[in-house]
Amino acid sequence: VGQPFDTLKVRMQVSAHGSAPVQQHQGKGILHMYRGFLPPLLTSGFVSSLNFIGFETVKNLFPRNENRLHHLSVHWIAGFGGSLPVTLITCPVILVKVQQQAALRRVGTLECMQTIIKHTGPQGLLRGYGVHAVLETVGRGWYMLTYEAVKRYISPQYRRGQQHEISLVHRMLAGACAGWVGWVSI
């Protein structure tokens, strides 16, 4: 649902007039608005898995309290640190996606990557990496801290270590709050 709007946004951002003229999109069909969707689609599950593996790995480097829980700050640190290696994957993926969206003609994923490498070398795939890494890691840190904080707030039994997990509804509420805070933080 969001991909056509994301493509339209990118086209507006790279347009000389700050708008995406209707003429650019007329007669090109709806698939035109889905340019660049393949790299994130193919990598999103893998990236999410790596984020959670990194989070758990970093979190388990820290001691737990008497209720077998980590201090909340550990969740931010683990979210931040655990997602840092993943940014080496997500930066090129987002770069290729945006390049495909901004192109005036259809450009395949491999063709786009080859063009970037041809003009700037392999390091060109990491263009904007510093900013990208800050956005991803800070956002993930706040996401993980908020998720755990909301779970503890809405479930005193969980907070006291008397219950190891909370209900699906409470986890969904915690996830929704975490998603909002993670998005706002970046």
# chains A, B, ... in the order shown; residues from 1 in each chain; ligands from 1
>>> residues_around(residues="A:Val10", least_positions_apart="5", cutoff="9 Å", atoms="only C-alpha atoms", output="PyMOL selection string")
chain A and resi 5+15+20+98+101-102
>>> write_last_selection(atoms="all heavy atoms", output="compact mmCIF listing (two decimals), in the first residue's frame")
# COMPACT_ATOMS: atom_id res chain seq x y z
N PHE A 5 3.02 5.50 -2.76
CA PHE A 5 3.19 6.81 -2.14
C PHE A 5 4.67 7.12 -1.92
O PHE A 5 5.10 8.26 -2.08
CB PHE A 5 2.42 6.88 -0.81
CG PHE A 5 0.94 6.87 -0.99
CD1 PHE A 5 0.20 5.75 -0.68
CD2 PHE A 5 0.28 7.98 -1.51
CE1 PHE A 5 -1.16 5.72 -0.85
CE2 PHE A 5 -1.09 7.96 -1.69
CZ PHE A 5 -1.82 6.83 -1.36
N SER A 15 12.42 15.95 -8.28
CA SER A 15 11.92 16.79 -9.36
C SER A 15 12.45 18.22 -9.23
O SER A 15 12.61 18.74 -8.13
CB SER A 15 10.38 16.81 -9.32
OG SER A 15 9.87 17.82 -10.15
N ALA A 20 5.66 16.05 -8.59
CA ALA A 20 5.73 14.94 -9.54
C ALA A 20 4.61 15.15 -10.55
O ALA A 20 3.47 14.81 -10.29
CB ALA A 20 5.57 13.61 -8.82
N VAL A 98 15.70 3.63 -3.85
CA VAL A 98 15.49 5.04 -4.17
C VAL A 98 15.98 5.37 -5.58
O VAL A 98 15.32 6.11 -6.33
CB VAL A 98 16.14 5.95 -3.11
CG1 VAL A 98 16.14 7.41 -3.55
CG2 VAL A 98 15.43 5.79 -1.78
N GLN A 101 13.38 4.17 -7.96
CA GLN A 101 12.20 5.02 -7.92
C GLN A 101 12.43 6.34 -8.65
O GLN A 101 11.52 6.86 -9.29
CB GLN A 101 11.79 5.30 -6.47
CG GLN A 101 11.23 4.11 -5.75
CD GLN A 101 11.01 4.39 -4.28
OE1 GLN A 101 11.88 4.96 -3.60
NE2 GLN A 101 9.86 3.99 -3.77
N ALA A 102 13.62 6.87 -8.54
CA ALA A 102 13.92 8.18 -9.12
C ALA A 102 14.23 8.11 -10.61
O ALA A 102 14.16 9.12 -11.30
CB ALA A 102 15.10 8.82 -8.38
>>> closest_atom_pairs(of="stretch 48-96 of chain A", to="stretch 161-179 of chain A", cutoff="10 Å", atoms="only C-alpha atoms", output="CSV")
residue,atom,partner,partner_atom,distance
A:Asn65,CA,A:Gly161,CA,9.7
A:Glu66,CA,A:Gly161,CA,8.3
A:Asn67,CA,A:Gly161,CA,4.6
A:Arg68,CA,A:Gly161,CA,6.3
A:Leu69,CA,A:Gly161,CA,7.2
>>> write_last_selection(atoms="C-alpha atoms", output="short mmCIF file (atom, residue, chain, number, x, y, z; two decimals), in the first residue's frame")
data_model
loop_
_atom_site.label_atom_id
_atom_site.label_comp_id
_atom_site.auth_asym_id
_atom_site.auth_seq_id
_atom_site.Cartn_x
_atom_site.Cartn_y
_atom_site.Cartn_z
CA ASN A 65 18.11 -8.06 37.89
CA GLU A 66 16.52 -10.03 40.72
CA ASN A 67 13.34 -10.52 38.66
CA ARG A 68 15.38 -12.04 35.81
CA LEU A 69 14.85 -8.90 33.71
#
>>> closest_atom_pairs(of="stretch 5-100 of chain A", to="stretch 104-111 of chain A", cutoff="9 Å", atoms="only C-alpha atoms", output="Markdown table")
| residue | atom | partner | partner_atom | distance |
| --- | --- | --- | --- | --- |
| A:Gln24 | CA | A:Leu104 | CA | 8.5 |
| A:His32 | CA | A:Arg106 | CA | 8.0 |
| A:Arg35 | CA | A:Arg106 | CA | 7.5 |
| A:Gly36 | CA | A:Thr109 | CA | 7.5 |
| A:Leu38 | CA | A:Thr109 | CA | 7.6 |
| A:Pro39 | CA | A:Thr109 | CA | 7.2 |
| A:Val96 | CA | A:Thr109 | CA | 6.9 |
| A:Lys97 | CA | A:Thr109 | CA | 8.0 |
| A:Gln99 | CA | A:Val107 | CA | 8.6 |
| A:Gln100 | CA | A:Val107 | CA | 5.9 |
>>> write_last_selection(atoms="N, CA, C and O atoms", output="PDB file, in the first residue's frame")
ATOM      1  N   GLN A  24       4.280  12.648 -15.937  1.00  0.00           N
ATOM      2  CA  GLN A  24       5.346  11.657 -15.738  1.00  0.00           C
ATOM      3  C   GLN A  24       4.773  10.269 -15.481  1.00  0.00           C
ATOM      4  O   GLN A  24       5.419   9.273 -15.746  1.00  0.00           O
ATOM      5  N   HIS A  32       4.412   1.041 -12.539  1.00  0.00           N
ATOM      6  CA  HIS A  32       5.402   2.125 -12.532  1.00  0.00           C
ATOM      7  C   HIS A  32       5.629   2.642 -11.103  1.00  0.00           C
ATOM      8  O   HIS A  32       6.738   3.018 -10.739  1.00  0.00           O
ATOM      9  N   ARG A  35       8.256   0.664  -8.586  1.00  0.00           N
ATOM     10  CA  ARG A  35       9.695   0.580  -8.829  1.00  0.00           C
ATOM     11  C   ARG A  35      10.441   0.557  -7.508  1.00  0.00           C
ATOM     12  O   ARG A  35      10.132   1.307  -6.597  1.00  0.00           O
ATOM     13  N   GLY A  36      11.436  -0.297  -7.442  1.00  0.00           N
ATOM     14  CA  GLY A  36      12.277  -0.346  -6.250  1.00  0.00           C
ATOM     15  C   GLY A  36      11.732  -1.173  -5.109  1.00  0.00           C
ATOM     16  O   GLY A  36      12.339  -1.231  -4.046  1.00  0.00           O
ATOM     17  N   LEU A  38      11.393  -4.462  -5.009  1.00  0.00           N
ATOM     18  CA  LEU A  38      11.975  -5.796  -4.923  1.00  0.00           C
ATOM     19  C   LEU A  38      13.116  -5.915  -3.902  1.00  0.00           C
ATOM     20  O   LEU A  38      13.105  -6.847  -3.084  1.00  0.00           O
ATOM     21  N   PRO A  39      14.111  -5.013  -3.882  1.00  0.00           N
ATOM     22  CA  PRO A  39      15.187  -5.183  -2.886  1.00  0.00           C
ATOM     23  C   PRO A  39      14.684  -5.241  -1.436  1.00  0.00           C
ATOM     24  O   PRO A  39      15.043  -6.177  -0.705  1.00  0.00           O
ATOM     25  N   VAL A  96      19.485   1.437  -3.556  1.00  0.00           N
ATOM     26  CA  VAL A  96      19.031   0.880  -4.829  1.00  0.00           C
ATOM     27  C   VAL A  96      17.542   1.150  -5.027  1.00  0.00           C
ATOM     28  O   VAL A  96      17.101   1.535  -6.112  1.00  0.00           O
ATOM     29  N   LYS A  97      16.754   0.986  -3.974  1.00  0.00           N
ATOM     30  CA  LYS A  97      15.313   1.239  -4.064  1.00  0.00           C
ATOM     31  C   LYS A  97      15.045   2.679  -4.496  1.00  0.00           C
ATOM     32  O   LYS A  97      14.273   2.928  -5.427  1.00  0.00           O
ATOM     33  N   GLN A  99      17.109   4.804  -5.976  1.00  0.00           N
ATOM     34  CA  GLN A  99      17.627   5.033  -7.333  1.00  0.00           C
ATOM     35  C   GLN A  99      16.632   4.516  -8.373  1.00  0.00           C
ATOM     36  O   GLN A  99      16.400   5.163  -9.396  1.00  0.00           O
ATOM     37  N   GLN A 100      16.047   3.349  -8.116  1.00  0.00           N
ATOM     38  CA  GLN A 100      15.066   2.799  -9.041  1.00  0.00           C
ATOM     39  C   GLN A 100      13.813   3.670  -9.097  1.00  0.00           C
ATOM     40  O   GLN A 100      13.255   3.882 -10.163  1.00  0.00           O
TER      41      GLN A 100
END
>>> closest_residue(among="A:Lys151, A:His75, A:His132, A:Arg160", to="A:Leu88", atoms="only C-alpha atoms")
A:His132
>>> atom_distance(atom1="atom CA of A:Glu56", atom2="atom CA of A:Val131")
24.3 Å
>>> atom_distance(atom1="atom CA of A:Arg127", atom2="atom CA of A:Cys91")
7.8 Å
>>> select_by_dssp(residues="stretch 68-101 of chain A", states="alpha helix (DSSP H)", output="PyMOL selection string")
chain A and resi 72-83+87-101
>>> closest_residue(among="A:Thr7, A:Ser155, A:Thr137, A:Met144", to="A:Ile30", atoms="only C-alpha atoms")
A:Thr7
>>> residues_around(residues="A:Val134", least_positions_apart="3", cutoff="10 Å", atoms="only C-alpha atoms", output="list in words")
Phe80, Leu84, Thr87, Tyr129, Gly130, Val131, Thr137, Val138, Gly139, Arg140 and Ile186 of chain A
>>> write_last_selection(atoms="all heavy atoms", output="PDB file, in the first residue's frame")
ATOM      1  N   PHE A  80      20.172  -0.757  19.624  1.00  0.00           N
ATOM      2  CA  PHE A  80      21.140   0.043  18.880  1.00  0.00           C
ATOM      3  C   PHE A  80      22.284  -0.833  18.364  1.00  0.00           C
ATOM      4  O   PHE A  80      22.549  -0.904  17.165  1.00  0.00           O
ATOM      5  CB  PHE A  80      21.682   1.151  19.790  1.00  0.00           C
ATOM      6  CG  PHE A  80      22.707   2.043  19.149  1.00  0.00           C
ATOM      7  CD1 PHE A  80      22.325   3.258  18.608  1.00  0.00           C
ATOM      8  CD2 PHE A  80      24.047   1.683  19.104  1.00  0.00           C
ATOM      9  CE1 PHE A  80      23.273   4.089  18.021  1.00  0.00           C
ATOM     10  CE2 PHE A  80      24.999   2.500  18.517  1.00  0.00           C
ATOM     11  CZ  PHE A  80      24.610   3.713  17.973  1.00  0.00           C
ATOM     12  N   LEU A  84      23.310  -2.426  14.340  1.00  0.00           N
ATOM     13  CA  LEU A  84      24.416  -1.778  13.627  1.00  0.00           C
ATOM     14  C   LEU A  84      24.969  -2.633  12.476  1.00  0.00           C
ATOM     15  O   LEU A  84      25.101  -2.132  11.353  1.00  0.00           O
ATOM     16  CB  LEU A  84      25.526  -1.372  14.602  1.00  0.00           C
ATOM     17  CG  LEU A  84      26.649  -0.517  14.016  1.00  0.00           C
ATOM     18  CD1 LEU A  84      26.094   0.781  13.431  1.00  0.00           C
ATOM     19  CD2 LEU A  84      27.675  -0.195  15.097  1.00  0.00           C
ATOM     20  N   THR A  87      22.861  -2.626   9.238  1.00  0.00           N
ATOM     21  CA  THR A  87      22.846  -1.434   8.382  1.00  0.00           C
ATOM     22  C   THR A  87      23.746  -1.592   7.162  1.00  0.00           C
ATOM     23  O   THR A  87      23.555  -0.904   6.159  1.00  0.00           O
ATOM     24  CB  THR A  87      23.259  -0.170   9.167  1.00  0.00           C
ATOM     25  OG1 THR A  87      24.584  -0.338   9.673  1.00  0.00           O
ATOM     26  CG2 THR A  87      22.286   0.110  10.311  1.00  0.00           C
ATOM     27  N   TYR A 129      25.875   6.152   4.239  1.00  0.00           N
ATOM     28  CA  TYR A 129      25.871   5.142   5.301  1.00  0.00           C
ATOM     29  C   TYR A 129      25.827   5.745   6.705  1.00  0.00           C
ATOM     30  O   TYR A 129      25.080   5.270   7.560  1.00  0.00           O
ATOM     31  CB  TYR A 129      27.084   4.213   5.193  1.00  0.00           C
ATOM     32  CG  TYR A 129      27.126   3.222   6.328  1.00  0.00           C
ATOM     33  CD1 TYR A 129      26.268   2.129   6.327  1.00  0.00           C
ATOM     34  CD2 TYR A 129      27.975   3.413   7.413  1.00  0.00           C
ATOM     35  CE1 TYR A 129      26.270   1.235   7.382  1.00  0.00           C
ATOM     36  CE2 TYR A 129      27.988   2.519   8.468  1.00  0.00           C
ATOM     37  CZ  TYR A 129      27.126   1.433   8.455  1.00  0.00           C
ATOM     38  OH  TYR A 129      27.116   0.566   9.507  1.00  0.00           O
ATOM     39  N   GLY A 130      26.608   6.771   6.960  1.00  0.00           N
ATOM     40  CA  GLY A 130      26.651   7.355   8.309  1.00  0.00           C
ATOM     41  C   GLY A 130      25.285   7.796   8.794  1.00  0.00           C
ATOM     42  O   GLY A 130      24.850   7.440   9.899  1.00  0.00           O
ATOM     43  N   VAL A 131      24.593   8.538   7.969  1.00  0.00           N
ATOM     44  CA  VAL A 131      23.250   9.018   8.337  1.00  0.00           C
ATOM     45  C   VAL A 131      22.288   7.833   8.448  1.00  0.00           C
ATOM     46  O   VAL A 131      21.483   7.746   9.380  1.00  0.00           O
ATOM     47  CB  VAL A 131      22.744  10.056   7.315  1.00  0.00           C
ATOM     48  CG1 VAL A 131      21.305  10.436   7.586  1.00  0.00           C
ATOM     49  CG2 VAL A 131      23.643  11.282   7.321  1.00  0.00           C
ATOM     50  N   THR A 137      19.884   2.634  13.811  1.00  0.00           N
ATOM     51  CA  THR A 137      20.266   2.166  15.143  1.00  0.00           C
ATOM     52  C   THR A 137      19.543   2.918  16.252  1.00  0.00           C
ATOM     53  O   THR A 137      19.075   2.299  17.206  1.00  0.00           O
ATOM     54  CB  THR A 137      21.791   2.268  15.341  1.00  0.00           C
ATOM     55  OG1 THR A 137      22.209   3.615  15.102  1.00  0.00           O
ATOM     56  CG2 THR A 137      22.541   1.323  14.415  1.00  0.00           C
ATOM     57  N   VAL A 138      19.434   4.223  16.113  1.00  0.00           N
ATOM     58  CA  VAL A 138      18.716   5.004  17.130  1.00  0.00           C
ATOM     59  C   VAL A 138      17.242   4.599  17.143  1.00  0.00           C
ATOM     60  O   VAL A 138      16.651   4.382  18.212  1.00  0.00           O
ATOM     61  CB  VAL A 138      18.892   6.519  16.886  1.00  0.00           C
ATOM     62  CG1 VAL A 138      17.952   7.330  17.752  1.00  0.00           C
ATOM     63  CG2 VAL A 138      20.343   6.916  17.147  1.00  0.00           C
ATOM     64  N   GLY A 139      16.648   4.481  15.967  1.00  0.00           N
ATOM     65  CA  GLY A 139      15.245   4.064  15.892  1.00  0.00           C
ATOM     66  C   GLY A 139      15.019   2.692  16.494  1.00  0.00           C
ATOM     67  O   GLY A 139      14.062   2.462  17.237  1.00  0.00           O
ATOM     68  N   ARG A 140      15.918   1.751  16.215  1.00  0.00           N
ATOM     69  CA  ARG A 140      15.790   0.390  16.750  1.00  0.00           C
ATOM     70  C   ARG A 140      15.998   0.383  18.258  1.00  0.00           C
ATOM     71  O   ARG A 140      15.333  -0.354  18.981  1.00  0.00           O
ATOM     72  CB  ARG A 140      16.791  -0.545  16.064  1.00  0.00           C
ATOM     73  CG  ARG A 140      16.723  -1.980  16.498  1.00  0.00           C
ATOM     74  CD  ARG A 140      15.441  -2.671  16.185  1.00  0.00           C
ATOM     75  NE  ARG A 140      15.164  -2.626  14.771  1.00  0.00           N
ATOM     76  CZ  ARG A 140      14.103  -3.173  14.201  1.00  0.00           C
ATOM     77  NH1 ARG A 140      13.226  -3.820  14.933  1.00  0.00           N
ATOM     78  NH2 ARG A 140      13.898  -3.077  12.918  1.00  0.00           N
ATOM     79  N   ILE A 186      13.236   8.832  14.701  1.00  0.00           N
ATOM     80  CA  ILE A 186      14.108   9.044  13.558  1.00  0.00           C
ATOM     81  C   ILE A 186      13.522  10.108  12.668  1.00  0.00           C
ATOM     82  O   ILE A 186      14.013  10.534  11.719  1.00  0.00           O
ATOM     83  CB  ILE A 186      14.395   7.746  12.772  1.00  0.00           C
ATOM     84  CG1 ILE A 186      13.113   7.128  12.254  1.00  0.00           C
ATOM     85  CG2 ILE A 186      15.155   6.779  13.632  1.00  0.00           C
ATOM     86  CD1 ILE A 186      13.333   6.004  11.259  1.00  0.00           C
TER      87      ILE A 186
END
>>> residues_around(residues="A:Gln3", least_positions_apart="5", cutoff="8 Å", atoms="only C-alpha atoms", output="list of chain:residue names")
A:Met33, A:Tyr34, A:Phe37
>>> write_last_selection(atoms="N, CA and C atoms", output="tab-separated table (two decimals), in the first residue's frame")
chain	number	residue	atom	x	y	z
A	33	MET	N	4.58	2.62	-10.31
A	33	MET	CA	4.66	3.14	-8.94
A	33	MET	C	5.30	2.14	-7.97
A	34	TYR	N	5.56	0.94	-8.45
A	34	TYR	CA	6.18	-0.08	-7.60
A	34	TYR	C	7.66	-0.29	-7.90
A	37	PHE	N	10.60	-1.84	-5.31
A	37	PHE	CA	10.03	-2.60	-4.20
A	37	PHE	C	10.74	-3.95	-3.99
>>> atom_distance(atom1="atom CA of A:Pro40", atom2="atom CA of A:Pro92")
10.1 Å
>>> closest_residue(among="A:Leu61, A:Ile116, A:Ala103, A:Leu31", to="A:Arg11", atoms="only C-alpha atoms")
A:Ala103
